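Everything below belongs to final.txt, which stores compact mmCIF, C-alpha atoms and all ligand atoms.
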# COMPACT_ATOMS: atom_id res chain seq x y z
CA MET A 292 86.23 -207.06 -141.27
CA GLN A 293 86.53 -210.27 -143.30
CA THR A 294 85.25 -210.25 -146.89
CA MET A 295 83.12 -213.33 -147.37
CA SER A 296 83.00 -215.41 -150.55
CA THR A 297 79.53 -216.33 -151.85
CA LYS A 298 80.06 -219.92 -153.00
CA PRO A 299 80.38 -222.55 -150.28
CA ILE A 300 83.43 -224.78 -150.41
CA TYR A 301 81.39 -227.43 -148.63
CA SER A 302 77.67 -227.91 -148.26
CA GLY A 303 76.54 -230.29 -145.51
CA LYS A 304 73.06 -231.46 -144.51
CA ALA A 305 72.40 -228.35 -142.41
CA LYS A 306 75.40 -226.06 -142.88
CA ASP A 307 77.35 -224.36 -145.67
CA ILE A 308 81.04 -223.64 -145.19
CA PHE A 309 82.60 -220.61 -146.88
CA GLU A 310 86.19 -219.47 -147.22
CA THR A 311 87.20 -216.07 -145.84
CA GLU A 312 90.12 -213.77 -146.60
CA ASP A 313 92.09 -215.63 -143.97
CA PRO A 314 93.04 -219.12 -145.24
CA ASN A 315 92.87 -220.46 -141.68
CA VAL A 316 89.36 -219.17 -140.99
CA PHE A 317 86.05 -220.41 -142.40
CA ARG A 318 82.50 -219.13 -142.07
CA ALA A 319 79.78 -221.65 -141.21
CA TYR A 320 76.23 -220.70 -142.27
CA PHE A 321 73.53 -222.66 -140.40
CA ARG A 322 70.48 -223.40 -142.59
CA ASP A 323 66.91 -224.31 -141.57
CA SER A 324 67.05 -227.59 -143.49
CA ALA A 325 66.65 -230.78 -141.50
CA THR A 326 67.38 -234.39 -142.42
CA ALA A 327 66.98 -237.66 -140.57
CA PHE A 328 67.69 -241.33 -141.11
CA ASN A 329 70.71 -240.61 -143.28
CA ALA A 330 68.87 -237.96 -145.31
CA GLN A 331 66.00 -240.33 -146.20
CA LYS A 332 63.68 -237.89 -144.42
CA LYS A 333 64.05 -234.25 -145.39
CA GLY A 334 62.33 -231.08 -144.26
CA GLU A 335 62.70 -227.60 -142.83
CA ILE A 336 62.54 -226.43 -139.25
CA HIS A 337 61.69 -222.76 -139.36
CA GLY A 338 64.28 -220.66 -137.50
CA LYS A 339 66.53 -223.68 -136.78
CA GLY A 340 69.59 -222.10 -138.45
CA LYS A 341 69.55 -219.10 -136.11
CA VAL A 342 68.79 -221.20 -133.05
CA ASN A 343 71.53 -223.76 -133.79
CA ALA A 344 74.16 -221.12 -134.61
CA THR A 345 73.41 -219.28 -131.36
CA ILE A 346 73.22 -222.42 -129.19
CA SER A 347 76.49 -223.67 -130.76
CA ALA A 348 78.20 -220.34 -130.01
CA LEU A 349 77.01 -220.44 -126.38
CA LEU A 350 78.01 -224.09 -125.85
CA PHE A 351 81.39 -223.74 -127.57
CA ASN A 352 82.06 -220.82 -125.21
CA LEU A 353 80.98 -222.95 -122.25
CA VAL A 354 83.38 -225.80 -123.03
CA GLU A 355 86.20 -223.36 -123.92
CA GLN A 356 85.76 -221.76 -120.48
CA ASN A 357 86.17 -225.24 -119.04
CA GLY A 358 89.44 -225.95 -120.85
CA ILE A 359 88.37 -227.72 -124.07
CA LYS A 360 89.84 -226.20 -127.24
CA THR A 361 87.35 -225.74 -130.08
CA HIS A 362 87.28 -224.43 -133.65
CA PHE A 363 84.83 -221.65 -132.64
CA ILE A 364 86.00 -218.04 -133.03
CA LYS A 365 82.83 -215.93 -132.83
CA GLN A 366 79.25 -215.59 -133.98
CA VAL A 367 79.13 -213.03 -136.81
CA THR A 368 75.42 -212.98 -137.67
CA GLU A 369 72.35 -214.79 -136.31
CA ASN A 370 73.04 -217.72 -138.67
CA GLU A 371 76.83 -217.59 -138.96
CA LEU A 372 79.90 -218.54 -136.98
CA LEU A 373 83.52 -217.85 -137.78
CA ILE A 374 85.49 -221.03 -137.19
CA LYS A 375 89.11 -222.12 -137.42
CA LYS A 376 89.94 -224.32 -140.37
CA VAL A 377 90.44 -227.90 -139.25
CA ASN A 378 90.95 -231.24 -140.98
CA ILE A 379 87.94 -233.13 -139.73
CA ILE A 380 88.66 -236.62 -138.39
CA PRO A 381 85.98 -238.75 -140.13
CA LEU A 382 84.59 -240.12 -136.88
CA GLU A 383 81.28 -239.44 -135.14
CA VAL A 384 82.12 -239.58 -131.45
CA ILE A 385 78.93 -240.42 -129.59
CA VAL A 386 78.39 -240.30 -125.83
CA ARG A 387 75.40 -241.94 -124.24
CA ASN A 388 74.11 -241.41 -120.70
CA ILE A 389 70.61 -242.79 -121.21
CA ALA A 390 69.56 -245.47 -123.71
CA ALA A 391 67.86 -244.06 -126.83
CA GLY A 392 68.00 -244.16 -130.62
CA SER A 393 70.30 -246.64 -132.33
CA LEU A 394 71.51 -248.14 -129.02
CA CYS A 395 67.97 -249.32 -128.23
CA LYS A 396 67.51 -250.68 -131.75
CA ARG A 397 70.88 -252.47 -131.73
CA LEU A 398 70.59 -254.02 -128.26
CA GLY A 399 66.83 -254.24 -127.73
CA ILE A 400 67.12 -252.07 -124.62
CA LYS A 401 64.13 -249.97 -123.50
CA GLU A 402 64.45 -246.24 -124.18
CA GLY A 403 65.17 -244.35 -120.95
CA LYS A 404 67.38 -246.95 -119.23
CA ILE A 405 70.10 -245.07 -117.35
CA LEU A 406 73.45 -246.52 -118.41
CA LYS A 407 75.77 -247.73 -115.64
CA THR A 408 78.47 -245.29 -116.81
CA PRO A 409 78.56 -243.04 -119.90
CA ILE A 410 79.40 -244.93 -123.09
CA VAL A 411 81.67 -243.43 -125.78
CA GLU A 412 81.41 -245.01 -129.21
CA PHE A 413 82.77 -244.23 -132.66
CA SER A 414 80.95 -244.33 -135.99
CA TYR A 415 82.43 -243.89 -139.44
CA LYS A 416 81.38 -240.48 -140.82
CA LYS A 417 80.30 -241.84 -144.18
CA ASP A 418 76.71 -241.15 -145.30
CA GLU A 419 76.80 -243.64 -148.18
CA LEU A 420 77.56 -246.43 -145.67
CA GLY A 421 75.01 -245.17 -143.13
CA ASP A 422 77.65 -244.06 -140.57
CA PRO A 423 78.46 -247.62 -139.34
CA LEU A 424 79.58 -248.30 -135.77
CA LEU A 425 83.35 -248.93 -135.62
CA THR A 426 85.66 -250.90 -133.38
CA ARG A 427 89.12 -249.54 -132.51
CA ALA A 428 90.69 -252.18 -134.75
CA TYR A 429 88.54 -250.98 -137.68
CA ILE A 430 89.66 -247.39 -137.03
CA LYS A 431 93.37 -248.19 -136.61
CA ASN A 432 94.01 -251.18 -138.86
CA ALA A 433 91.31 -251.24 -141.55
CA LEU A 434 90.47 -247.57 -142.17
CA GLU A 435 93.78 -246.30 -140.73
CA ILE A 436 92.04 -243.10 -139.57
CA THR A 437 94.09 -242.54 -136.43
CA ASP A 438 96.01 -244.22 -133.60
CA ASP A 439 95.32 -245.28 -130.01
CA LYS A 440 96.87 -242.12 -128.56
CA THR A 441 94.51 -239.82 -130.47
CA LEU A 442 91.51 -242.07 -129.76
CA ASP A 443 92.35 -242.03 -126.03
CA TYR A 444 92.69 -238.24 -126.10
CA ILE A 445 89.41 -237.77 -127.97
CA THR A 446 87.64 -240.12 -125.54
CA GLU A 447 89.03 -238.16 -122.58
CA LEU A 448 87.89 -234.82 -124.09
CA THR A 449 84.46 -236.25 -124.89
CA LEU A 450 83.90 -237.53 -121.36
CA LYS A 451 85.06 -234.18 -120.00
CA ALA A 452 82.60 -232.39 -122.32
CA ASN A 453 79.88 -234.79 -121.12
CA ASP A 454 80.55 -233.81 -117.49
CA ILE A 455 80.45 -230.10 -118.40
CA PHE A 456 77.19 -230.50 -120.32
CA LYS A 457 75.46 -232.73 -117.74
CA ASP A 458 76.28 -230.25 -115.00
CA PHE A 459 75.20 -227.20 -117.04
CA PHE A 460 71.98 -228.73 -118.42
CA LEU A 461 70.87 -230.12 -115.06
CA LYS A 462 70.74 -226.51 -113.81
CA ILE A 463 68.27 -225.63 -116.59
CA GLY A 464 66.13 -228.71 -116.06
CA ILE A 465 67.45 -230.78 -118.95
CA LYS A 466 68.74 -234.36 -119.11
CA VAL A 467 71.55 -234.91 -121.61
CA VAL A 468 70.55 -238.27 -123.07
CA ASP A 469 73.28 -238.54 -125.72
CA PHE A 470 75.16 -236.48 -128.28
CA LYS A 471 77.52 -236.66 -131.21
CA LEU A 472 80.80 -234.74 -131.43
CA GLU A 473 83.31 -234.27 -134.21
CA TYR A 474 86.97 -233.35 -133.89
CA GLY A 475 89.59 -232.00 -136.29
CA PHE A 476 93.28 -231.14 -136.45
CA ASP A 477 94.22 -227.45 -136.78
CA LYS A 478 97.30 -226.15 -138.61
CA ASN A 479 99.46 -226.84 -135.54
CA GLY A 480 98.28 -230.44 -135.27
CA ASP A 481 96.18 -229.70 -132.18
CA VAL A 482 92.89 -231.58 -131.78
CA LEU A 483 89.95 -229.14 -131.69
CA LEU A 484 86.29 -229.83 -130.98
CA ALA A 485 84.50 -228.94 -134.21
CA ASP A 486 81.17 -229.07 -136.10
CA GLU A 487 78.18 -227.86 -134.05
CA LEU A 488 76.60 -228.25 -130.60
CA SER A 489 72.83 -228.04 -130.93
CA PRO A 490 69.54 -229.97 -130.63
CA ASP A 491 70.44 -231.46 -134.04
CA ASN A 492 73.24 -233.52 -132.54
CA PHE A 493 72.12 -233.80 -128.90
CA ARG A 494 69.16 -235.60 -127.34
CA PHE A 495 67.69 -233.31 -124.68
CA TRP A 496 64.84 -234.39 -122.39
CA ASP A 497 63.02 -232.17 -119.93
CA ALA A 498 64.25 -233.32 -116.49
CA THR A 499 60.74 -233.47 -114.98
CA THR A 500 58.48 -234.55 -117.83
CA ASN A 501 60.98 -236.37 -120.12
CA GLU A 502 59.53 -234.34 -122.99
CA LYS A 503 61.86 -234.52 -126.00
CA LEU A 504 63.36 -231.14 -126.88
CA ASP A 505 65.59 -232.05 -129.83
CA LYS A 506 65.63 -233.37 -133.38
CA ASP A 507 63.78 -236.53 -132.32
CA ARG A 508 60.63 -234.37 -132.55
CA PHE A 509 61.34 -234.07 -136.28
CA ARG A 510 62.58 -237.67 -136.67
CA GLN A 511 59.54 -239.12 -134.92
CA ASP A 512 56.94 -236.55 -136.14
CA LEU A 513 56.14 -235.48 -132.60
CA GLY A 514 55.07 -231.95 -133.62
CA ASN A 515 56.05 -228.57 -132.17
CA VAL A 516 59.61 -228.99 -133.49
CA GLU A 517 60.26 -225.22 -133.71
CA GLY A 518 58.86 -224.75 -130.18
CA ALA A 519 61.29 -227.34 -128.79
CA TYR A 520 64.30 -225.68 -130.44
CA GLN A 521 63.20 -222.24 -129.20
CA GLU A 522 62.68 -223.63 -125.68
CA MET A 523 66.21 -225.05 -125.68
CA LEU A 524 67.64 -221.71 -126.85
CA LYS A 525 65.73 -219.87 -124.10
CA ARG A 526 66.92 -222.23 -121.35
CA ILE A 527 70.54 -222.30 -122.58
CA LYS A 528 70.62 -218.48 -122.68
CA GLU A 529 69.30 -218.41 -119.10
CA GLY A 530 71.88 -221.04 -118.07
CA CYS A 531 74.73 -219.05 -119.63
CA ALA A 532 73.53 -215.86 -117.92
CA GLY A 533 73.68 -217.84 -114.64
CA VAL A 534 77.23 -219.03 -115.43
CA ILE A 535 78.33 -215.43 -116.11
CA ALA A 536 76.63 -214.19 -112.93
CA ARG A 537 78.29 -216.98 -110.89
CA SER A 538 81.72 -216.25 -112.36
CA GLU A 539 81.27 -212.49 -111.65
CA THR A 540 80.36 -213.34 -108.04
CA THR A 541 83.46 -215.56 -107.77
CA LYS A 542 85.65 -212.80 -109.22
CA GLN A 543 84.18 -210.25 -106.79
CA SER A 544 84.60 -212.55 -103.82
CA GLN A 545 88.20 -213.28 -104.88
CA LYS A 546 88.73 -209.51 -105.08
CA ARG A 547 87.17 -209.10 -101.63
CA ASN A 548 89.39 -211.89 -100.29
CA VAL A 549 92.43 -210.07 -101.63
CA GLU A 550 91.21 -206.83 -100.05
CA THR A 551 90.76 -208.47 -96.66
CA GLN A 552 93.69 -210.87 -96.64
CA HIS A 553 95.05 -211.83 -93.23
CA PHE A 554 98.80 -211.47 -92.63
CA SER A 555 100.71 -213.13 -89.82
CA VAL A 556 102.84 -210.67 -87.89
CA ARG A 557 105.87 -211.38 -85.70
CA VAL A 558 107.40 -208.43 -83.84
CA GLN A 559 110.72 -208.90 -82.07
CA VAL A 560 111.56 -206.22 -79.45
CA LEU A 561 115.06 -206.01 -77.93
CA PRO A 562 116.82 -203.43 -75.74
CA LYS A 563 119.11 -201.19 -77.84
CA GLN A 564 122.80 -202.26 -77.86
CA ASP A 565 123.96 -199.21 -75.85
CA ILE A 566 121.19 -199.42 -73.25
CA LEU A 567 121.74 -201.17 -69.97
CA ASP A 568 119.87 -204.49 -69.83
CA PRO A 569 120.02 -205.67 -66.21
CA GLN A 570 117.92 -208.76 -66.87
CA GLY A 571 120.14 -209.74 -69.81
CA GLN A 572 123.31 -209.14 -67.78
CA ALA A 573 121.98 -211.28 -64.88
CA VAL A 574 121.11 -214.20 -67.16
CA GLU A 575 124.48 -213.93 -68.96
CA LYS A 576 126.30 -214.04 -65.61
CA ALA A 577 124.27 -217.07 -64.45
CA LEU A 578 125.03 -218.99 -67.65
CA ILE A 579 128.75 -218.28 -67.39
CA SER A 580 128.74 -219.45 -63.80
CA MET A 581 127.07 -222.67 -64.96
CA GLY A 582 130.01 -223.29 -67.27
CA TYR A 583 128.79 -221.74 -70.53
CA LYS A 584 131.80 -219.49 -70.82
CA ASN A 585 131.69 -218.78 -74.56
CA ILE A 586 128.73 -216.39 -74.48
CA LYS A 587 128.62 -212.58 -74.55
CA ASP A 588 126.24 -209.60 -75.29
CA LEU A 589 123.16 -211.44 -74.03
CA ARG A 590 120.01 -209.34 -74.18
CA ILE A 591 116.48 -210.27 -73.26
CA GLY A 592 113.50 -208.95 -75.19
CA LYS A 593 110.01 -210.05 -76.18
CA GLU A 594 108.23 -211.44 -79.19
CA ILE A 595 104.67 -210.42 -80.07
CA VAL A 596 102.68 -212.46 -82.62
CA PHE A 597 99.27 -211.67 -84.09
CA LYS A 598 97.33 -211.48 -87.36
CA VAL A 599 96.32 -208.32 -89.18
CA LYS A 600 93.85 -207.77 -92.04
CA ALA A 601 95.21 -205.63 -94.87
CA GLU A 602 95.11 -205.18 -98.65
CA SER A 603 98.83 -205.91 -99.05
CA SER A 604 101.85 -206.91 -96.99
CA GLU A 605 103.25 -203.35 -97.41
CA LYS A 606 100.08 -201.89 -95.88
CA ALA A 607 100.19 -204.48 -93.07
CA LYS A 608 103.86 -203.61 -92.36
CA SER A 609 103.18 -199.89 -92.28
CA GLU A 610 100.31 -200.37 -89.81
CA VAL A 611 102.37 -202.65 -87.53
CA ASP A 612 105.20 -200.11 -87.67
CA GLN A 613 102.85 -197.51 -86.18
CA MET A 614 101.75 -200.01 -83.48
CA CYS A 615 105.38 -200.55 -82.49
CA GLU A 616 106.14 -196.85 -82.36
CA ARG A 617 103.04 -196.13 -80.28
CA LEU A 618 102.73 -199.15 -77.97
CA LEU A 619 104.52 -202.42 -78.65
CA ALA A 620 108.05 -201.04 -78.23
CA ASN A 621 109.67 -198.10 -76.50
CA PRO A 622 111.64 -196.57 -79.38
CA VAL A 623 113.89 -194.64 -77.00
CA ILE A 624 115.40 -197.74 -75.40
CA GLU A 625 114.27 -200.62 -77.64
CA ASP A 626 114.81 -201.76 -81.24
CA TYR A 627 112.13 -203.73 -83.02
CA LYS A 628 111.99 -205.99 -86.05
CA ILE A 629 108.79 -206.79 -87.95
CA GLU A 630 108.22 -209.98 -89.97
CA ILE A 631 105.05 -210.23 -92.12
CA SER A 632 103.98 -213.47 -93.81
P1 LIG B 701 71.90 -242.48 -132.49
O1 LIG B 701 73.14 -243.30 -132.75
O2 LIG B 701 71.16 -243.00 -131.31
O3 LIG B 701 71.06 -242.33 -133.70
O4 LIG B 701 72.40 -241.01 -132.12
C1 LIG B 701 73.11 -240.75 -130.95
C2 LIG B 701 73.30 -239.26 -130.80
O5 LIG B 701 74.17 -238.78 -131.80
C3 LIG B 701 72.00 -238.46 -130.97
O6 LIG B 701 72.05 -237.35 -130.07
C4 LIG B 701 72.05 -237.95 -132.39
O7 LIG B 701 71.43 -236.69 -132.50
C5 LIG B 701 73.54 -237.84 -132.65
N1 LIG B 701 73.89 -238.24 -134.03
C6 LIG B 701 74.17 -239.47 -134.48
N2 LIG B 701 74.44 -239.43 -135.79
C7 LIG B 701 74.33 -238.17 -136.19
C8 LIG B 701 74.49 -237.48 -137.44
O8 LIG B 701 74.81 -238.07 -138.48
N3 LIG B 701 74.27 -236.13 -137.44
C9 LIG B 701 73.90 -235.46 -136.31
N4 LIG B 701 73.69 -234.14 -136.40
N5 LIG B 701 73.77 -236.06 -135.13
C10 LIG B 701 73.97 -237.39 -135.06

For this file, write the structure as structure tokens.
Ligand code: 5GP
Amino acid sequence: MQTMSTKPIYSGKAKDIFETEDPNVFRAYFRDSATAFNAQKKGEIHGKGKVNATISALLFNLVEQNGIKTHFIKQVTENELLIKKVNIIPLEVIVRNIAAGSLCKRLGIKEGKILKTPIVEFSYKKDELGDPLLTRAYIKNALEITDDKTLDYITELTLKANDIFKDFFLKIGIKVVDFKLEYGFDKNGDVLLADELSPDNFRFWDATTNEKLDKDRFRQDLGNVEGAYQEMLKRIKEGCAGVIARSETTKQSQKRNVETQHFSVRVQVLPKQDILDPQGQAVEKALISMGYKNIKDLRIGKEIVFKVKAESSEKAKSEVDQMCERLLANPVIEDYKIEIS
């Protein structure tokens, strides 16, 4: 069990980060505090810390299962996650599927417009500058944050995460409007998905009613903020239970498939060497008389092909062996050879 220090080494707008005994592991404590518009609006959302820690744990697990490496290790209490230490890249990586928030303000587009394809954009993670939108040239040549290769990789991971989330949330009746991700480098230099995954950094709309179920309820004073966060937790838990059930079913059906695998069988039956084979002798004689004088020991047999269901090729072979002994060959005068594939 890790001994936890009491003083955070970093205190963000909604989370405190603590060191642990392991220098490569931190503890993230999710608070109920909420901010909006670059901390100009401040408040509390009762129970948010627990909800966001739990939703983050569930969603980090979901993306990990789908091949995206993250800083998440495990949830240790209702409000706390153990996370790998990473050097955060100071970029807010935002994906948009539907127009909302700053995109609408910047471009004068109506909220709700479905974007032709998902948009990935980068903002500078700098509160005092109001997290300004960045171009690649700003990132590479002015701020010198990172290079094209890393930006391409992060974009690829983000679009992959978007596909995973859209698919998962659709099943629980939620549209993923947009979200913000952060990445960091671990001690090996690998890029890990970091920060949190919650209604604080996602826009979630109910798929039927378009009701907002995220921090916009707090930003826009829509009321029932706690209710929206709780509703998201409930649906995500149900969705994850569905994912587990589906993966169990897949595992069981794979197991069943293994149990009932079909094997192709080829049985070759030939008269024994020391047994008279009149048919073979007649054909050999005919061939020699036709001029094929270089042949000898010709024997004529039969080949039997079929498929057999069995748990393993050994079991299939043993069963076919019995078939040969009992019916397919006459063991007194014939030899047989079994091929299983
Ligand atoms: P927008 O740029 O429209 O304000 O935000 C786009 C998406 O990124 C929204 O889902 C929003 O919640 C998220 N986002 C943008 N900036 C921040 C931020 O500084 N903190 C958090 N938690 N989320 C952000």

Worksheet entry | Who sits within 9 Å of segment 437-452 of chain A, only C-alpha atoms, same chain under 4 positions skipped, as an MDAnalysis selection string | chainID A and resid 354 357 359 380 384:386 409:412 427 430:432 456:457 472 474 482 484

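Between Glu602 of chain A and the candidates A:Phe363, A:Tyr583, A:Phe554, A:Phe509, the tightest atom-to-atom separation, counting all atoms listed in the file, involves A:Phe554.
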
Item to complete: Choose the residue, out of A:Lys542, A:Arg510, A:Lys333, A:Lys407, that has the smallest atom-to-atom separation from ligand LIG 701 (chain B); count all atoms listed in the file.
Response: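 The closest residue to ligand LIG 701 (chain B) is A:Arg510.
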
Worksheet item: Could you work out how far atom CA of Gln564 of chain A lies from atom CA of Ala607 of chain A, giving the answer in Å with one decimal?
Response: 27.3 Å

Fill in: Counting all atoms listed in the file, the option among A:Ile300, A:Ala391, A:Leu424, A:Ala519 closest to Ile405 of chain A
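Counting all atoms listed in the file, the residue closest to Ile405 of chain A is A:Ala391.
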
Could you give me, as a short mmCIF file (atom, residue, chain, number, x, y, z; two decimals) with C-alpha atoms, in the coordinates of the input, every polymer residue with an atom at most 6 Å away from an atom of ligand LIG 701 (chain B), counting all atoms listed in the file?
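File written: result36.cif
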data_model
loop_
_atom_site.label_atom_id
_atom_site.label_comp_id
_atom_site.auth_asym_id
_atom_site.auth_seq_id
_atom_site.Cartn_x
_atom_site.Cartn_y
_atom_site.Cartn_z
CA ILE A 385 78.93 -240.42 -129.59
CA ALA A 391 67.86 -244.06 -126.83
CA GLY A 392 68.00 -244.16 -130.62
CA SER A 393 70.30 -246.64 -132.33
CA LEU A 394 71.51 -248.14 -129.02
CA ASP A 469 73.28 -238.54 -125.72
CA PHE A 470 75.16 -236.48 -128.28
CA LYS A 471 77.52 -236.66 -131.21
CA ASP A 491 70.44 -231.46 -134.04
CA ASN A 492 73.24 -233.52 -132.54
CA PHE A 493 72.12 -233.80 -128.90
CA ARG A 494 69.16 -235.60 -127.34
#

Worksheet item: Please, what distance in Å, to one decimal, runs between atom CA of Glu473 of chain A and atom CA of Ala498 of chain A?
Response: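 Distance between the two atoms: 26.0 Å.
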